[in-house]
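Chemist: Dropping in structure27.csv, which is CSV, N, CA and C atoms:
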chain,number,residue,atom,x,y,z
Y,1,MET,N,-85.6,77.2,-112.2
Y,1,MET,CA,-86.2,76.0,-112.6
Y,1,MET,C,-87.7,76.0,-112.3
Y,2,TYR,N,-88.4,75.5,-113.3
Y,2,TYR,CA,-89.9,75.5,-113.2
Y,2,TYR,C,-90.3,74.1,-112.7
Y,3,VAL,N,-91.2,74.1,-111.7
Y,3,VAL,CA,-91.7,72.8,-111.2
Y,3,VAL,C,-93.2,72.9,-111.2
Y,4,SER,N,-93.8,72.0,-111.9
Y,4,SER,CA,-95.2,72.0,-112.1
Y,4,SER,C,-95.9,71.4,-110.8
Y,5,THR,N,-97.0,72.1,-110.4
Y,5,THR,CA,-97.7,71.6,-109.2
Y,5,THR,C,-98.9,70.7,-109.5
Y,6,THR,N,-99.1,70.5,-110.8
Y,6,THR,CA,-100.2,69.7,-111.3
Y,6,THR,C,-99.9,68.2,-111.4
Y,7,ASN,N,-98.6,67.9,-111.5
Y,7,ASN,CA,-98.2,66.5,-111.6
Y,7,ASN,C,-97.9,66.0,-110.2
Y,8,PRO,N,-98.3,64.7,-110.0
Y,8,PRO,CA,-98.0,64.2,-108.7
Y,8,PRO,C,-96.5,64.1,-108.4
Y,9,ALA,N,-96.0,64.5,-107.2
Y,9,ALA,CA,-94.6,64.5,-106.9
Y,9,ALA,C,-94.1,63.1,-106.6
Y,10,PRO,N,-92.8,62.9,-106.9
Y,10,PRO,CA,-92.3,61.6,-106.5
Y,10,PRO,C,-92.4,61.4,-104.9
Y,11,THR,N,-92.6,60.2,-104.5
Y,11,THR,CA,-92.8,59.9,-103.1
Y,11,THR,C,-91.7,60.5,-102.2
Y,12,ALA,N,-90.5,60.4,-102.6
Y,12,ALA,CA,-89.4,60.9,-101.8
Y,12,ALA,C,-89.5,62.4,-101.5
Y,13,SER,N,-89.9,63.2,-102.5
Y,13,SER,CA,-90.0,64.6,-102.3
Y,13,SER,C,-91.3,65.1,-101.7
Y,14,ILE,N,-92.3,64.2,-101.5
Y,14,ILE,CA,-93.6,64.6,-100.9
Y,14,ILE,C,-93.3,65.1,-99.5
Y,15,GLU,N,-92.5,64.3,-98.7
Y,15,GLU,CA,-92.2,64.7,-97.4
Y,15,GLU,C,-91.5,66.1,-97.3
Y,16,GLN,N,-90.6,66.3,-98.2
Y,16,GLN,CA,-89.9,67.6,-98.2
Y,16,GLN,C,-90.8,68.7,-98.6
Y,17,GLN,N,-91.8,68.5,-99.5
Y,17,GLN,CA,-92.7,69.5,-99.9
Y,17,GLN,C,-93.7,69.8,-98.7
Y,18,VAL,N,-94.2,68.8,-98.0
Y,18,VAL,CA,-95.0,69.0,-96.9
Y,18,VAL,C,-94.3,69.8,-95.8
Y,19,PHE,N,-93.1,69.4,-95.5
Y,19,PHE,CA,-92.3,70.1,-94.5
Y,19,PHE,C,-92.1,71.6,-94.9
Y,20,ARG,N,-91.9,71.8,-96.2
Y,20,ARG,CA,-91.7,73.2,-96.7
Y,20,ARG,C,-92.9,74.0,-96.5
Y,21,ILE,N,-94.1,73.5,-96.8
Y,21,ILE,CA,-95.4,74.2,-96.7
Y,21,ILE,C,-95.7,74.5,-95.2
Y,22,ILE,N,-95.4,73.5,-94.4
Y,22,ILE,CA,-95.7,73.7,-92.9
Y,22,ILE,C,-94.7,74.7,-92.3
Y,23,SER,N,-93.4,74.6,-92.7
Y,23,SER,CA,-92.5,75.6,-92.1
Y,23,SER,C,-92.7,77.0,-92.6
Y,24,LYS,N,-93.1,77.1,-93.8
Y,24,LYS,CA,-93.4,78.4,-94.4
Y,24,LYS,C,-94.5,79.1,-93.8
Y,25,ARG,N,-95.5,78.4,-93.2
Y,25,ARG,CA,-96.7,79.0,-92.6
Y,25,ARG,C,-96.4,80.0,-91.6
Y,26,LYS,N,-95.4,79.7,-90.7
Y,26,LYS,CA,-95.1,80.6,-89.6
Y,26,LYS,C,-93.6,80.9,-89.6
Y,27,ALA,N,-92.9,80.7,-90.7
Y,27,ALA,CA,-91.5,81.0,-90.8
Y,27,ALA,C,-90.7,80.2,-89.8
Y,28,ILE,N,-91.0,78.9,-89.6
Y,28,ILE,CA,-90.3,78.0,-88.7
Y,28,ILE,C,-89.1,77.5,-89.4
Y,29,ARG,N,-88.0,77.4,-88.6
Y,29,ARG,CA,-86.8,76.8,-89.2
Y,29,ARG,C,-87.1,75.3,-89.5
Y,30,ALA,N,-86.6,74.9,-90.6
Y,30,ALA,CA,-86.8,73.5,-91.1
Y,30,ALA,C,-86.3,72.5,-90.0
Y,31,SER,N,-85.3,72.8,-89.3
Y,31,SER,CA,-84.8,71.9,-88.3
Y,31,SER,C,-85.8,71.6,-87.2
Y,32,ARG,N,-86.8,72.5,-87.0
Y,32,ARG,CA,-87.8,72.3,-85.9
Y,32,ARG,C,-89.0,71.4,-86.4
Y,33,VAL,N,-89.1,71.2,-87.8
Y,33,VAL,CA,-90.2,70.5,-88.3
Y,33,VAL,C,-89.7,69.0,-88.4
Y,34,ARG,N,-90.4,68.2,-87.6
Y,34,ARG,CA,-90.1,66.8,-87.6
Y,34,ARG,C,-91.5,66.0,-87.7
Y,35,LYS,N,-91.4,64.8,-88.2
Y,35,LYS,CA,-92.7,64.0,-88.4
Y,35,LYS,C,-93.4,63.9,-87.1
Y,36,THR,N,-92.8,63.8,-86.0
Y,36,THR,CA,-93.5,63.6,-84.7
Y,36,THR,C,-94.0,64.9,-84.1
Y,37,ALA,N,-93.6,66.0,-84.7
Y,37,ALA,CA,-94.0,67.3,-84.1
Y,37,ALA,C,-95.5,67.5,-84.1
Y,38,SER,N,-96.1,67.9,-83.0
Y,38,SER,CA,-97.5,68.2,-82.9
Y,38,SER,C,-97.7,69.6,-83.4
Y,39,LEU,N,-98.7,69.8,-84.3
Y,39,LEU,CA,-98.9,71.1,-84.8
Y,39,LEU,C,-99.3,72.1,-83.7
Y,40,ALA,N,-100.2,71.7,-82.8
Y,40,ALA,CA,-100.6,72.6,-81.8
Y,40,ALA,C,-99.6,72.8,-80.7
Y,41,ARG,N,-99.1,71.7,-80.1
Y,41,ARG,CA,-98.3,71.7,-78.9
Y,41,ARG,C,-96.8,72.1,-79.3
Y,42,ASP,N,-96.2,71.5,-80.3
Y,42,ASP,CA,-94.8,71.8,-80.5
Y,42,ASP,C,-94.6,73.0,-81.4
Y,43,LEU,N,-95.5,73.2,-82.4
Y,43,LEU,CA,-95.3,74.3,-83.4
Y,43,LEU,C,-96.2,75.5,-83.1
Y,44,ARG,N,-97.1,75.3,-82.2
Y,44,ARG,CA,-98.0,76.4,-81.8
Y,44,ARG,C,-98.9,76.9,-82.9
Y,45,PHE,N,-99.4,76.0,-83.7
Y,45,PHE,CA,-100.3,76.3,-84.8
Y,45,PHE,C,-101.7,76.3,-84.2
Y,46,ASP,N,-102.5,77.3,-84.7
Y,46,ASP,CA,-104.0,77.3,-84.3
Y,46,ASP,C,-104.8,76.7,-85.5
Y,47,THR,N,-106.1,76.7,-85.3
Y,47,THR,CA,-107.0,76.1,-86.3
Y,47,THR,C,-106.8,76.8,-87.6
Y,48,VAL,N,-106.7,78.1,-87.7
Y,48,VAL,CA,-106.6,78.8,-88.9
Y,48,VAL,C,-105.3,78.4,-89.7
Y,49,ASP,N,-104.2,78.3,-88.9
Y,49,ASP,CA,-103.0,77.8,-89.5
Y,49,ASP,C,-103.1,76.5,-90.2
Y,50,VAL,N,-103.8,75.5,-89.5
Y,50,VAL,CA,-104.0,74.2,-90.0
Y,50,VAL,C,-104.8,74.2,-91.2
Y,51,VAL,N,-105.9,75.0,-91.2
Y,51,VAL,CA,-106.8,75.1,-92.4
Y,51,VAL,C,-106.0,75.7,-93.6
Y,52,ASP,N,-105.1,76.7,-93.3
Y,52,ASP,CA,-104.3,77.2,-94.4
Y,52,ASP,C,-103.3,76.2,-95.0
Y,53,ILE,N,-102.8,75.4,-94.1
Y,53,ILE,CA,-101.9,74.3,-94.5
Y,53,ILE,C,-102.6,73.3,-95.4
Y,54,ILE,N,-103.8,72.9,-94.9
Y,54,ILE,CA,-104.7,72.0,-95.7
Y,54,ILE,C,-105.0,72.5,-97.1
Y,55,LEU,N,-105.4,73.8,-97.2
Y,55,LEU,CA,-105.7,74.4,-98.5
Y,55,LEU,C,-104.5,74.4,-99.4
Y,56,GLU,N,-103.3,74.7,-98.8
Y,56,GLU,CA,-102.1,74.7,-99.6
Y,56,GLU,C,-101.7,73.3,-100.1
Y,57,LEU,N,-101.9,72.3,-99.3
Y,57,LEU,CA,-101.6,71.0,-99.7
Y,57,LEU,C,-102.5,70.5,-100.7
Y,58,GLU,N,-103.8,70.8,-100.6
Y,58,GLU,CA,-104.8,70.4,-101.6
Y,58,GLU,C,-104.5,71.1,-102.9
Y,59,ARG,N,-104.1,72.3,-102.9
Y,59,ARG,CA,-103.7,73.0,-104.1
Y,59,ARG,C,-102.5,72.4,-104.8
Y,60,ASN,N,-101.5,72.2,-104.0
Y,60,ASN,CA,-100.2,71.7,-104.5
Y,60,ASN,C,-100.2,70.3,-105.0
Y,61,PHE,N,-101.0,69.4,-104.4
Y,61,PHE,CA,-101.0,68.0,-104.7
Y,61,PHE,C,-102.3,67.6,-105.4
Y,62,SER,N,-103.2,68.5,-105.7
Y,62,SER,CA,-104.5,68.2,-106.4
Y,62,SER,C,-105.2,67.1,-105.7
Y,63,ILE,N,-105.4,67.2,-104.3
Y,63,ILE,CA,-106.1,66.2,-103.5
Y,63,ILE,C,-107.2,67.0,-102.7
Y,64,VAL,N,-108.0,66.2,-102.1
Y,64,VAL,CA,-109.0,66.8,-101.2
Y,64,VAL,C,-108.8,66.1,-99.8
Y,65,ILE,N,-108.7,67.0,-98.8
Y,65,ILE,CA,-108.5,66.5,-97.4
Y,65,ILE,C,-109.8,66.8,-96.7
Y,66,PRO,N,-110.6,65.7,-96.4
Y,66,PRO,CA,-111.9,66.0,-95.7
Y,66,PRO,C,-111.7,66.5,-94.3
Y,67,ASP,N,-112.7,67.2,-93.8
Y,67,ASP,CA,-112.6,67.8,-92.4
Y,67,ASP,C,-112.4,66.7,-91.4
Y,68,GLU,N,-113.0,65.5,-91.6
Y,68,GLU,CA,-113.0,64.5,-90.5
Y,68,GLU,C,-111.7,63.7,-90.4
Y,69,VAL,N,-110.7,64.0,-91.3
Y,69,VAL,CA,-109.4,63.3,-91.2
Y,69,VAL,C,-108.6,63.9,-90.1
Y,70,PRO,N,-108.2,63.0,-89.1
Y,70,PRO,CA,-107.4,63.5,-88.0
Y,70,PRO,C,-106.0,63.8,-88.4
Y,71,LEU,N,-105.6,65.1,-88.3
Y,71,LEU,CA,-104.3,65.5,-88.7
Y,71,LEU,C,-103.8,66.3,-87.5
Y,72,TYR,N,-102.9,65.7,-86.7
Y,72,TYR,CA,-102.4,66.3,-85.5
Y,72,TYR,C,-100.9,66.6,-85.5
Y,73,THR,N,-100.2,65.7,-86.3
Y,73,THR,CA,-98.7,65.9,-86.4
Y,73,THR,C,-98.3,66.1,-87.8
Y,74,VAL,N,-97.1,66.5,-88.0
Y,74,VAL,CA,-96.5,66.7,-89.3
Y,74,VAL,C,-96.6,65.3,-90.1
Y,75,GLY,N,-96.3,64.3,-89.4
Y,75,GLY,CA,-96.3,62.9,-90.0
Y,75,GLY,C,-97.7,62.5,-90.5
Y,76,ASP,N,-98.8,63.0,-89.8
Y,76,ASP,CA,-100.1,62.7,-90.3
Y,76,ASP,C,-100.3,63.4,-91.6
Y,77,PHE,N,-99.9,64.6,-91.8
Y,77,PHE,CA,-100.0,65.3,-93.1
Y,77,PHE,C,-99.2,64.5,-94.2
Y,78,VAL,N,-97.9,64.2,-93.8
Y,78,VAL,CA,-97.1,63.5,-94.8
Y,78,VAL,C,-97.7,62.2,-95.2
Y,79,ARG,N,-98.2,61.4,-94.3
Y,79,ARG,CA,-98.9,60.1,-94.6
Y,79,ARG,C,-100.1,60.3,-95.5
Y,80,TYR,N,-100.9,61.3,-95.1
Y,80,TYR,CA,-102.2,61.5,-95.9
Y,80,TYR,C,-101.8,61.9,-97.3
Y,81,VAL,N,-100.9,62.9,-97.5
Y,81,VAL,CA,-100.6,63.3,-98.8
Y,81,VAL,C,-99.9,62.2,-99.6
Y,82,ARG,N,-99.0,61.5,-99.0
Y,82,ARG,CA,-98.3,60.4,-99.7
Y,82,ARG,C,-99.3,59.3,-100.2
Y,83,ASP,N,-100.3,59.0,-99.4
Y,83,ASP,CA,-101.3,58.0,-99.7
Y,83,ASP,C,-102.3,58.4,-100.8
Y,84,HIS,N,-102.6,59.7,-100.8
Y,84,HIS,CA,-103.6,60.2,-101.7
Y,84,HIS,C,-103.1,60.9,-102.9
Y,85,ALA,N,-101.9,61.4,-102.9
Y,85,ALA,CA,-101.3,62.1,-104.1
Y,85,ALA,C,-101.0,61.0,-105.1
Y,86,ALA,N,-100.5,59.8,-104.6
Y,86,ALA,CA,-100.2,58.7,-105.5
Y,86,ALA,C,-101.4,58.2,-106.2
Y,87,ALA,N,-102.6,58.2,-105.5
Y,87,ALA,CA,-103.8,57.7,-106.1
Y,87,ALA,C,-104.4,58.7,-107.1
Y,88,ALA,N,-104.0,59.9,-107.0
Y,88,ALA,CA,-104.7,61.0,-107.8
Y,88,ALA,C,-104.3,60.8,-109.3
Show how you would write the structure in this file as structure tokens.
Modeler:
Amino acid sequence: MYVSTTNPAPTASIEQQVFRIISKRKAIRASRVRKTASLARDLRFDTVDVVDIILELERNFSIVIPDEVPLYTVGDFVRYVRDHAAAA
């Protein structure tokens, strides 16, 4: 099945897509990815991992995530993408 990454995703699947992108970064089991999970503390992501996630989200959702946006948890990413992908 072909899924276009240029069209905004329905809100319900944005969370699933963000979870998939984050879990794929370090081959983390999806069961460990929770909205409250801290990228640094719980998932052991470093700055390079977070930058790669940001780039992937920007590419998939056609959004721009500025450097000054505080993104510490999985939920932070979900909220930012949900708010800005809908406006794109």
Chemist: In Å, with one decimal, what is the gap from atom C of Ile53 (chain Y) to CA of Ser31 (chain Y)?
Modeler: 19.2 Å
Chemist: Skip Ala37 (chain Y) itself and residues of its chain fewer than 3 positions away, then list as a ChimeraX atom specification all residues within 10 Å of it, counting only C-alpha atoms.
Modeler: /Y:32-34,40-43,72-76
Chemist: At what distance in Å, to one decimal, does CA of Ile22 (chain Y) lie from CA of Leu39 (chain Y)?
Modeler: 9.1 Å
Chemist: Can you pull out every residue from chain Y that DSSP, working from the backbone, puts in helix (DSSP H, G or I), and format the result as a PyMOL selection string?
Modeler: chain Y and resi 11-25+30-32+47-61+74-85
Chemist: Give me the residues near Ile65 (chain Y) as a PyMOL selection string, where near means some atom within 12 Å (using only C-alpha atoms) and where sequence neighbours in that chain fewer than 3 positions away do not count.
Modeler: chain Y and resi 50-59+61-62+68-71+76-77+79-81+83-85
Chemist: Just N, CA and C atoms for this one: save the residues we selected as a PDB file, keeping the file's coordinate frame.
Modeler:
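Below is the file that was written, selection_35.pdb:
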ATOM      1  N   VAL Y  50    -103.800  75.500 -89.500  1.00  0.00           N
ATOM      2  CA  VAL Y  50    -104.000  74.200 -90.000  1.00  0.00           C
ATOM      3  C   VAL Y  50    -104.800  74.200 -91.200  1.00  0.00           C
ATOM      4  N   VAL Y  51    -105.900  75.000 -91.200  1.00  0.00           N
ATOM      5  CA  VAL Y  51    -106.800  75.100 -92.400  1.00  0.00           C
ATOM      6  C   VAL Y  51    -106.000  75.700 -93.600  1.00  0.00           C
ATOM      7  N   ASP Y  52    -105.100  76.700 -93.300  1.00  0.00           N
ATOM      8  CA  ASP Y  52    -104.300  77.200 -94.400  1.00  0.00           C
ATOM      9  C   ASP Y  52    -103.300  76.200 -95.000  1.00  0.00           C
ATOM     10  N   ILE Y  53    -102.800  75.400 -94.100  1.00  0.00           N
ATOM     11  CA  ILE Y  53    -101.900  74.300 -94.500  1.00  0.00           C
ATOM     12  C   ILE Y  53    -102.600  73.300 -95.400  1.00  0.00           C
ATOM     13  N   ILE Y  54    -103.800  72.900 -94.900  1.00  0.00           N
ATOM     14  CA  ILE Y  54    -104.700  72.000 -95.700  1.00  0.00           C
ATOM     15  C   ILE Y  54    -105.000  72.500 -97.100  1.00  0.00           C
ATOM     16  N   LEU Y  55    -105.400  73.800 -97.200  1.00  0.00           N
ATOM     17  CA  LEU Y  55    -105.700  74.400 -98.500  1.00  0.00           C
ATOM     18  C   LEU Y  55    -104.500  74.400 -99.400  1.00  0.00           C
ATOM     19  N   GLU Y  56    -103.300  74.700 -98.800  1.00  0.00           N
ATOM     20  CA  GLU Y  56    -102.100  74.700 -99.600  1.00  0.00           C
ATOM     21  C   GLU Y  56    -101.700  73.300-100.100  1.00  0.00           C
ATOM     22  N   LEU Y  57    -101.900  72.300 -99.300  1.00  0.00           N
ATOM     23  CA  LEU Y  57    -101.600  71.000 -99.700  1.00  0.00           C
ATOM     24  C   LEU Y  57    -102.500  70.500-100.700  1.00  0.00           C
ATOM     25  N   GLU Y  58    -103.800  70.800-100.600  1.00  0.00           N
ATOM     26  CA  GLU Y  58    -104.800  70.400-101.600  1.00  0.00           C
ATOM     27  C   GLU Y  58    -104.500  71.100-102.900  1.00  0.00           C
ATOM     28  N   ARG Y  59    -104.100  72.300-102.900  1.00  0.00           N
ATOM     29  CA  ARG Y  59    -103.700  73.000-104.100  1.00  0.00           C
ATOM     30  C   ARG Y  59    -102.500  72.400-104.800  1.00  0.00           C
ATOM     31  N   PHE Y  61    -101.000  69.400-104.400  1.00  0.00           N
ATOM     32  CA  PHE Y  61    -101.000  68.000-104.700  1.00  0.00           C
ATOM     33  C   PHE Y  61    -102.300  67.600-105.400  1.00  0.00           C
ATOM     34  N   SER Y  62    -103.200  68.500-105.700  1.00  0.00           N
ATOM     35  CA  SER Y  62    -104.500  68.200-106.400  1.00  0.00           C
ATOM     36  C   SER Y  62    -105.200  67.100-105.700  1.00  0.00           C
ATOM     37  N   GLU Y  68    -113.000  65.500 -91.600  1.00  0.00           N
ATOM     38  CA  GLU Y  68    -113.000  64.500 -90.500  1.00  0.00           C
ATOM     39  C   GLU Y  68    -111.700  63.700 -90.400  1.00  0.00           C
ATOM     40  N   VAL Y  69    -110.700  64.000 -91.300  1.00  0.00           N
ATOM     41  CA  VAL Y  69    -109.400  63.300 -91.200  1.00  0.00           C
ATOM     42  C   VAL Y  69    -108.600  63.900 -90.100  1.00  0.00           C
ATOM     43  N   PRO Y  70    -108.200  63.000 -89.100  1.00  0.00           N
ATOM     44  CA  PRO Y  70    -107.400  63.500 -88.000  1.00  0.00           C
ATOM     45  C   PRO Y  70    -106.000  63.800 -88.400  1.00  0.00           C
ATOM     46  N   LEU Y  71    -105.600  65.100 -88.300  1.00  0.00           N
ATOM     47  CA  LEU Y  71    -104.300  65.500 -88.700  1.00  0.00           C
ATOM     48  C   LEU Y  71    -103.800  66.300 -87.500  1.00  0.00           C
ATOM     49  N   ASP Y  76     -98.800  63.000 -89.800  1.00  0.00           N
ATOM     50  CA  ASP Y  76    -100.100  62.700 -90.300  1.00  0.00           C
ATOM     51  C   ASP Y  76    -100.300  63.400 -91.600  1.00  0.00           C
ATOM     52  N   PHE Y  77     -99.900  64.600 -91.800  1.00  0.00           N
ATOM     53  CA  PHE Y  77    -100.000  65.300 -93.100  1.00  0.00           C
ATOM     54  C   PHE Y  77     -99.200  64.500 -94.200  1.00  0.00           C
ATOM     55  N   ARG Y  79     -98.200  61.400 -94.300  1.00  0.00           N
ATOM     56  CA  ARG Y  79     -98.900  60.100 -94.600  1.00  0.00           C
ATOM     57  C   ARG Y  79    -100.100  60.300 -95.500  1.00  0.00           C
ATOM     58  N   TYR Y  80    -100.900  61.300 -95.100  1.00  0.00           N
ATOM     59  CA  TYR Y  80    -102.200  61.500 -95.900  1.00  0.00           C
ATOM     60  C   TYR Y  80    -101.800  61.900 -97.300  1.00  0.00           C
ATOM     61  N   VAL Y  81    -100.900  62.900 -97.500  1.00  0.00           N
ATOM     62  CA  VAL Y  81    -100.600  63.300 -98.800  1.00  0.00           C
ATOM     63  C   VAL Y  81     -99.900  62.200 -99.600  1.00  0.00           C
ATOM     64  N   ASP Y  83    -100.300  59.000 -99.400  1.00  0.00           N
ATOM     65  CA  ASP Y  83    -101.300  58.000 -99.700  1.00  0.00           C
ATOM     66  C   ASP Y  83    -102.300  58.400-100.800  1.00  0.00           C
ATOM     67  N   HIS Y  84    -102.600  59.700-100.800  1.00  0.00           N
ATOM     68  CA  HIS Y  84    -103.600  60.200-101.700  1.00  0.00           C
ATOM     69  C   HIS Y  84    -103.100  60.900-102.900  1.00  0.00           C
ATOM     70  N   ALA Y  85    -101.900  61.400-102.900  1.00  0.00           N
ATOM     71  CA  ALA Y  85    -101.300  62.100-104.100  1.00  0.00           C
ATOM     72  C   ALA Y  85    -101.000  61.000-105.100  1.00  0.00           C
TER      73      ALA Y  85
END
Chemist: Using only C-alpha atoms, which residue out of Y:Arg44, Y:Asp67, Y:Ser38, Y:Val78 lies closest to Ile21 (chain Y)?
Modeler: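 Selected residue with least distance to Ile21 (chain Y): Y:Val78.
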Chemist: Kindly give the distance, in Å, that separates atom N of Ile14 (chain Y) and atom N of Ile28 (chain Y), rounded to a single decimal.
Modeler: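 Here the two named atoms are 19.0 Å from each other.
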